[in-house]
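The structure appears right after this line, and notes come after that.
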Amino acid sequence: MMLQRTATITRKTTETSVALQVNLDGTGLVNLQTGIPFFDHMLTLWARHGYFDLTLDVQGDLEVDAHHTVEDSGICLGQAVRQALGEGRGIARYASGLIPMDEALCQVAIDVSGRSLLSFDVPLPKSKIGEFDVELLEEFFRSFVTHAGLTIHIKQLAGSNLHHILESCFKALGVVLSKAVYIDPQRRETIPSTKGIL
């Protein structure tokens with residue numbers, strides 16, 4: 001029986017205190033307390049559609065703005081995914097997909113390569129949803145990618161409603177990452193790289 005791939009990360013700075021747990025082989029259970037309801041909503045979509053269990057508690061300097069909370073959440077989630085993957089034996093490594101949300105359509109492609117690169121091609125028709133600065137989500141993705149060691153391309157192909165556009169991005173990231181980290185029983189002991197290491 002395969003051991004579940006889990007990780008626990010804590011990070012404390014003068015700006016935030018973050019406690020995060022992730023299970024890559026979960027069922028989509030979430031327990032989120034970031035103080036930013038819209039951000040919690042997006043992370044819930046990521047976890048539920050990727051079947052990742054995610055617990056995240058952040059005490060951030062929201063009296064300044066949401067930047068540090070969002071960025072540090074991305075750092076910790078990236079560290080947790082990288083730690084939970086270990087050597088990456090048996091994983092599919094590559095995955096891509098198109099995920100619609102009503103009129104919005106997002107394309108995500110992932111390489112679990114150990115090399116960090118984000119291509120974020122998502123024109124934002126507005127700067128805010130409620131009080132939330134949506135430009136912070138690119139910072140989240142960049143922090144996540146950098147610390148997870150992933151190459152990720154996120155591209156908006158259609159959409160006019162900003163909420164729908166961002167939902168499709170987070171759903172697509174969850175679905176596609178789940179496929180990329182899926183362990184193929186036929187190659188369980190193989191590291192998917194000609195280098196022998198990710």
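How things are named: the first chain in the structure tokens is A, the next is B, and so on; residues count from 1 in each chain; ligands count from 1 in the order shown.
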Tell me, as a list in words, which residues lie within 9 Å of Leu77 of chain A, counting only C-alpha atoms; anything in the same chain fewer than 2 positions away does not count.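 Contacts, in chain order: Ile9, Leu20, Gln21, Val22, Leu56, Asp72, Ser73, Gly74, Ile75, Gln79, Ala80, Val81, Arg82, Ser143, Phe144, His147 and Ala148 of chain A.
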Among segment 16-191 of chain A, which ones does DSSP place in strand (DSSP E or B), written as a VMD selection string? chain A and resid 16 to 23 30 to 33 53 to 60 91 94 to 101 104 to 111 117 to 121 128 to 129 132 to 133 151 to 158 183
For those residues, write C-alpha atoms to a file as a short mmCIF file (atom, residue, chain, number, x, y, z; two decimals), in the first residue's frame.
data_model
loop_
_atom_site.label_atom_id
_atom_site.label_comp_id
_atom_site.auth_asym_id
_atom_site.auth_seq_id
_atom_site.Cartn_x
_atom_site.Cartn_y
_atom_site.Cartn_z
CA THR A 16 2.78 36.74 8.42
CA SER A 17 2.49 33.53 10.36
CA VAL A 18 1.56 30.56 8.16
CA ALA A 19 0.71 26.96 9.09
CA LEU A 20 -0.08 24.69 6.14
CA GLN A 21 -0.70 20.99 5.59
CA VAL A 22 -1.26 19.30 2.24
CA ASN A 23 -2.07 15.75 1.21
CA VAL A 30 -10.26 21.97 2.99
CA ASN A 31 -9.92 24.03 6.15
CA LEU A 32 -8.85 27.55 5.28
CA GLN A 33 -8.43 30.65 7.41
CA ASP A 53 -6.51 17.93 1.20
CA LEU A 54 -5.46 21.41 2.31
CA THR A 55 -5.34 23.04 5.73
CA LEU A 56 -4.11 26.63 5.83
CA ASP A 57 -4.10 29.10 8.70
CA VAL A 58 -2.56 32.52 8.07
CA GLN A 59 -2.25 35.45 10.42
CA GLY A 60 -1.18 38.26 8.11
CA ILE A 91 4.64 10.35 -11.31
CA TYR A 94 3.55 16.17 -17.56
CA ALA A 95 -0.11 17.15 -17.85
CA SER A 96 -2.28 19.73 -19.54
CA GLY A 97 -5.94 20.58 -19.79
CA LEU A 98 -8.67 23.00 -20.76
CA ILE A 99 -11.18 23.88 -18.06
CA PRO A 100 -14.29 25.99 -18.72
CA MET A 101 -16.26 28.03 -16.24
CA ALA A 104 -14.44 31.53 -19.40
CA LEU A 105 -11.89 29.00 -20.62
CA CYS A 106 -8.42 28.44 -19.17
CA GLN A 107 -5.58 26.28 -20.41
CA VAL A 108 -2.93 24.97 -18.02
CA ALA A 109 0.15 22.90 -18.83
CA ILE A 110 2.49 21.56 -16.15
CA ASP A 111 5.92 19.96 -16.03
CA LEU A 117 8.93 28.91 -14.51
CA LEU A 118 5.56 30.64 -14.67
CA SER A 119 3.96 31.85 -17.86
CA PHE A 120 0.81 33.74 -16.85
CA ASP A 121 -1.17 34.96 -19.86
CA LYS A 128 -10.56 44.19 -8.08
CA ILE A 129 -13.21 41.69 -7.08
CA PHE A 132 -9.49 41.95 -3.36
CA ASP A 133 -6.69 43.08 -5.71
CA THR A 151 7.01 24.80 -14.89
CA ILE A 152 3.45 26.04 -15.35
CA HIS A 153 1.77 27.80 -18.26
CA ILE A 154 -1.60 29.41 -17.52
CA LYS A 155 -3.44 30.95 -20.46
CA GLN A 156 -6.90 32.46 -20.68
CA LEU A 157 -8.55 31.47 -23.97
CA ALA A 158 -11.97 33.05 -23.40
CA ILE A 183 1.51 7.77 -9.76
#
When you draw a straight line from atom CA of Leu150 of chain A to atom CA of Val112 of chain A, how long is it in Å?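 Pair atom CA of Leu150 of chain A / atom CA of Val112 of chain A returns 5.0 Å.
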Using only C-alpha atoms, pick whichever of A:Asp184, A:Glu103, A:Glu15, A:Glu131 has the shortest atom-to-atom distance to Asp61 of chain A.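 Distance minimum relative to Asp61 of chain A lands on A:Glu15.
Using only C-alpha atoms, the protein and nucleic acid residues lying no more than 10 Å from Leu62 of chain A, apart from those fewer than 3 places from it along its own chain, are Glu15, Thr16, Thr34, Gly35, Ile36, Gln59, Asp65, Ala66, His67, His68 and Thr69 of chain A.
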Please produce a file of the residues just selected, as a PDB file, in the first residue's frame, where the atoms kept are all heavy atoms.
ATOM      1  N   GLU A  15       5.688  39.784   8.990  1.00  0.00           N
ATOM      2  CA  GLU A  15       4.484  40.142   8.231  1.00  0.00           C
ATOM      3  C   GLU A  15       3.385  39.096   8.310  1.00  0.00           C
ATOM      4  O   GLU A  15       2.200  39.439   8.263  1.00  0.00           O
ATOM      5  CB  GLU A  15       4.859  40.385   6.766  1.00  0.00           C
ATOM      6  CG  GLU A  15       5.835  41.525   6.588  1.00  0.00           C
ATOM      7  CD  GLU A  15       6.512  41.548   5.227  1.00  0.00           C
ATOM      8  OE1 GLU A  15       6.501  40.512   4.524  1.00  0.00           O
ATOM      9  OE2 GLU A  15       7.064  42.596   4.877  1.00  0.00           O
ATOM     10  N   THR A  16       3.774  37.812   8.405  1.00  0.00           N
ATOM     11  CA  THR A  16       2.784  36.739   8.419  1.00  0.00           C
ATOM     12  C   THR A  16       3.238  35.595   9.310  1.00  0.00           C
ATOM     13  O   THR A  16       4.432  35.408   9.558  1.00  0.00           O
ATOM     14  CB  THR A  16       2.540  36.155   7.005  1.00  0.00           C
ATOM     15  OG1 THR A  16       3.748  35.535   6.545  1.00  0.00           O
ATOM     16  CG2 THR A  16       2.081  37.204   6.025  1.00  0.00           C
ATOM     17  N   THR A  34      -7.520  32.352   5.934  1.00  0.00           N
ATOM     18  CA  THR A  34      -6.512  33.340   5.534  1.00  0.00           C
ATOM     19  C   THR A  34      -6.937  34.760   5.871  1.00  0.00           C
ATOM     20  O   THR A  34      -6.124  35.678   5.784  1.00  0.00           O
ATOM     21  CB  THR A  34      -6.222  33.276   4.019  1.00  0.00           C
ATOM     22  OG1 THR A  34      -7.373  33.738   3.308  1.00  0.00           O
ATOM     23  CG2 THR A  34      -5.851  31.863   3.584  1.00  0.00           C
ATOM     24  N   GLY A  35      -8.210  34.943   6.215  1.00  0.00           N
ATOM     25  CA  GLY A  35      -8.725  36.287   6.435  1.00  0.00           C
ATOM     26  C   GLY A  35      -9.147  36.979   5.151  1.00  0.00           C
ATOM     27  O   GLY A  35      -9.566  38.135   5.184  1.00  0.00           O
ATOM     28  N   ILE A  36      -9.040  36.252   4.008  1.00  0.00           N
ATOM     29  CA  ILE A  36      -9.392  36.827   2.702  1.00  0.00           C
ATOM     30  C   ILE A  36     -10.391  35.879   2.040  1.00  0.00           C
ATOM     31  O   ILE A  36     -10.004  34.886   1.412  1.00  0.00           O
ATOM     32  CB  ILE A  36      -8.151  36.990   1.796  1.00  0.00           C
ATOM     33  CG1 ILE A  36      -7.037  37.726   2.550  1.00  0.00           C
ATOM     34  CG2 ILE A  36      -8.509  37.730   0.514  1.00  0.00           C
ATOM     35  CD1 ILE A  36      -5.702  37.689   1.829  1.00  0.00           C
ATOM     36  N   GLN A  59      -2.057  34.193   9.701  1.00  0.00           N
ATOM     37  CA  GLN A  59      -2.252  35.452  10.417  1.00  0.00           C
ATOM     38  C   GLN A  59      -1.346  36.465   9.724  1.00  0.00           C
ATOM     39  O   GLN A  59      -0.127  36.410   9.865  1.00  0.00           O
ATOM     40  CB  GLN A  59      -1.863  35.305  11.891  1.00  0.00           C
ATOM     41  CG  GLN A  59      -2.608  34.205  12.626  1.00  0.00           C
ATOM     42  CD  GLN A  59      -4.100  34.419  12.668  1.00  0.00           C
ATOM     43  OE1 GLN A  59      -4.567  35.538  12.907  1.00  0.00           O
ATOM     44  NE2 GLN A  59      -4.861  33.366  12.420  1.00  0.00           N
ATOM     45  N   ASP A  65      -2.270  45.375   3.582  1.00  0.00           N
ATOM     46  CA  ASP A  65      -3.054  44.880   2.456  1.00  0.00           C
ATOM     47  C   ASP A  65      -2.899  43.367   2.428  1.00  0.00           C
ATOM     48  O   ASP A  65      -2.326  42.774   3.345  1.00  0.00           O
ATOM     49  CB  ASP A  65      -2.674  45.540   1.124  1.00  0.00           C
ATOM     50  CG  ASP A  65      -1.269  45.205   0.637  1.00  0.00           C
ATOM     51  OD1 ASP A  65      -0.633  44.291   1.199  1.00  0.00           O
ATOM     52  OD2 ASP A  65      -0.796  45.854  -0.305  1.00  0.00           O
ATOM     53  N   ALA A  66      -3.399  42.735   1.378  1.00  0.00           N
ATOM     54  CA  ALA A  66      -3.404  41.266   1.315  1.00  0.00           C
ATOM     55  C   ALA A  66      -2.137  40.685   0.712  1.00  0.00           C
ATOM     56  O   ALA A  66      -1.985  39.459   0.657  1.00  0.00           O
ATOM     57  CB  ALA A  66      -4.617  40.801   0.515  1.00  0.00           C
ATOM     58  N   HIS A  67      -1.223  41.533   0.267  1.00  0.00           N
ATOM     59  CA  HIS A  67      -0.080  41.056  -0.514  1.00  0.00           C
ATOM     60  C   HIS A  67       0.733  39.993   0.219  1.00  0.00           C
ATOM     61  O   HIS A  67       1.006  38.919  -0.322  1.00  0.00           O
ATOM     62  CB  HIS A  67       0.826  42.233  -0.895  1.00  0.00           C
ATOM     63  CG  HIS A  67       1.944  41.867  -1.814  1.00  0.00           C
ATOM     64  ND1 HIS A  67       1.936  42.174  -3.154  1.00  0.00           N
ATOM     65  CD2 HIS A  67       3.100  41.184  -1.608  1.00  0.00           C
ATOM     66  CE1 HIS A  67       3.036  41.714  -3.715  1.00  0.00           C
ATOM     67  NE2 HIS A  67       3.765  41.106  -2.787  1.00  0.00           N
ATOM     68  N   HIS A  68       1.147  40.271   1.446  1.00  0.00           N
ATOM     69  CA  HIS A  68       2.031  39.348   2.154  1.00  0.00           C
ATOM     70  C   HIS A  68       1.337  38.029   2.461  1.00  0.00           C
ATOM     71  O   HIS A  68       1.944  36.959   2.381  1.00  0.00           O
ATOM     72  CB  HIS A  68       2.542  39.988   3.447  1.00  0.00           C
ATOM     73  CG  HIS A  68       3.332  41.240   3.206  1.00  0.00           C
ATOM     74  ND1 HIS A  68       3.173  42.383   3.957  1.00  0.00           N
ATOM     75  CD2 HIS A  68       4.279  41.530   2.277  1.00  0.00           C
ATOM     76  CE1 HIS A  68       3.991  43.316   3.509  1.00  0.00           C
ATOM     77  NE2 HIS A  68       4.671  42.830   2.484  1.00  0.00           N
ATOM     78  N   THR A  69       0.044  38.101   2.791  1.00  0.00           N
ATOM     79  CA  THR A  69      -0.715  36.882   3.076  1.00  0.00           C
ATOM     80  C   THR A  69      -0.796  35.987   1.848  1.00  0.00           C
ATOM     81  O   THR A  69      -0.577  34.777   1.922  1.00  0.00           O
ATOM     82  CB  THR A  69      -2.124  37.240   3.571  1.00  0.00           C
ATOM     83  OG1 THR A  69      -2.015  37.926   4.821  1.00  0.00           O
ATOM     84  CG2 THR A  69      -2.985  36.002   3.746  1.00  0.00           C
TER      85      THR A  69
END
What is the atom CA of Met42 of chain A to atom CA of Ser178 of chain A distance in Å?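 Atom CA of Met42 of chain A sits 16.2 Å away from atom CA of Ser178 of chain A.
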Considering only C-alpha atoms, state which residue in the set A:Arg89, A:Glu71, A:Leu3, A:His164 is at the smallest distance from Glu139 of chain A. A:Glu71
Within 9 Å of Arg93 of chain A, counting only C-alpha atoms, which residues qualify if same-chain residues fewer than 5 places away don't, as a list in words?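 In the requested format, the answer is Gly88, Ile110, Asp111, Val112, Ser113, Leu177, Lys179, Ala180, Val181, Tyr182, Pro192 and Ser193 of chain A.
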Counting only C-alpha atoms, the residue of A:Leu173, A:Ala92, A:Asp102, A:Gly114 that sits nearest Glu189 of chain A: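 Looking at the shortest contact to Glu189 of chain A, the residue is A:Ala92.
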Length of the atom CA of Glu167 of chain A to atom CA of Gly28 of chain A vector [Å]: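 Between atom CA of Glu167 of chain A and atom CA of Gly28 of chain A the gap is 16.0 Å.
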Calculated over only C-alpha atoms, which of the candidates A:Gly174, A:Thr14, A:Ile165, A:Glu135 has the smallest distance to Phe52 of chain A? A:Gly174
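Minimum atom-to-atom distances from A:Arg142, A:Ser116, A:Trp46, A:Val122 to Gly159 of chain A were compared using only C-alpha atoms, and the lowest value belongs to A:Val122.
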From a backbone DSSP assignment, name each residue in segment 104-166 of chain A labelled helix (DSSP H, G or I), as a VMD selection string. chain A and resid 136 to 148 162 to 166
Just the residues within 10 Å of Gly26 of chain A, please, counting only C-alpha atoms, with nothing from its chain fewer than 6 positions along; format it as number ranges by chain. A: 4-6, 47-48, 50-54
I need the residues from that last selection saved to file as a PDB file, in the first residue's frame (with N, CA, C and O atoms), if you can.
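Writing the result to part_29.pdb gives the following:
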ATOM      1  N   GLN A   4       0.663   7.844   1.831  1.00  0.00           N
ATOM      2  CA  GLN A   4       0.148   9.104   1.314  1.00  0.00           C
ATOM      3  C   GLN A   4       1.244  10.162   1.325  1.00  0.00           C
ATOM      4  O   GLN A   4       2.082  10.204   2.226  1.00  0.00           O
ATOM      5  N   ARG A   5       1.206  11.002   0.320  1.00  0.00           N
ATOM      6  CA  ARG A   5       2.226  12.041   0.153  1.00  0.00           C
ATOM      7  C   ARG A   5       1.729  13.318   0.816  1.00  0.00           C
ATOM      8  O   ARG A   5       0.871  14.012   0.284  1.00  0.00           O
ATOM      9  N   THR A   6       2.279  13.593   1.987  1.00  0.00           N
ATOM     10  CA  THR A   6       1.828  14.717   2.795  1.00  0.00           C
ATOM     11  C   THR A   6       3.011  15.585   3.188  1.00  0.00           C
ATOM     12  O   THR A   6       4.165  15.146   3.145  1.00  0.00           O
ATOM     13  N   ALA A  47      -8.102  22.858  -4.410  1.00  0.00           N
ATOM     14  CA  ALA A  47      -8.020  21.619  -3.638  1.00  0.00           C
ATOM     15  C   ALA A  47      -9.127  20.637  -4.023  1.00  0.00           C
ATOM     16  O   ALA A  47      -8.865  19.438  -4.220  1.00  0.00           O
ATOM     17  N   ARG A  48     -10.347  21.111  -4.144  1.00  0.00           N
ATOM     18  CA  ARG A  48     -11.476  20.218  -4.428  1.00  0.00           C
ATOM     19  C   ARG A  48     -11.343  19.558  -5.793  1.00  0.00           C
ATOM     20  O   ARG A  48     -11.591  18.364  -5.956  1.00  0.00           O
ATOM     21  N   GLY A  50      -8.592  19.194  -7.527  1.00  0.00           N
ATOM     22  CA  GLY A  50      -7.373  18.382  -7.619  1.00  0.00           C
ATOM     23  C   GLY A  50      -7.382  17.210  -6.666  1.00  0.00           C
ATOM     24  O   GLY A  50      -6.455  16.397  -6.672  1.00  0.00           O
ATOM     25  N   TYR A  51      -8.432  17.107  -5.837  1.00  0.00           N
ATOM     26  CA  TYR A  51      -8.517  16.069  -4.799  1.00  0.00           C
ATOM     27  C   TYR A  51      -7.325  16.129  -3.858  1.00  0.00           C
ATOM     28  O   TYR A  51      -6.771  15.104  -3.457  1.00  0.00           O
ATOM     29  N   PHE A  52      -6.925  17.356  -3.509  1.00  0.00           N
ATOM     30  CA  PHE A  52      -5.883  17.576  -2.519  1.00  0.00           C
ATOM     31  C   PHE A  52      -6.554  17.980  -1.205  1.00  0.00           C
ATOM     32  O   PHE A  52      -7.469  18.802  -1.210  1.00  0.00           O
ATOM     33  N   ASP A  53      -6.085  17.440  -0.095  1.00  0.00           N
ATOM     34  CA  ASP A  53      -6.513  17.931   1.205  1.00  0.00           C
ATOM     35  C   ASP A  53      -5.617  19.112   1.577  1.00  0.00           C
ATOM     36  O   ASP A  53      -4.389  19.009   1.478  1.00  0.00           O
ATOM     37  N   LEU A  54      -6.231  20.200   2.021  1.00  0.00           N
ATOM     38  CA  LEU A  54      -5.465  21.410   2.310  1.00  0.00           C
ATOM     39  C   LEU A  54      -5.974  22.060   3.587  1.00  0.00           C
ATOM     40  O   LEU A  54      -7.171  22.354   3.715  1.00  0.00           O
TER      41      LEU A  54
END
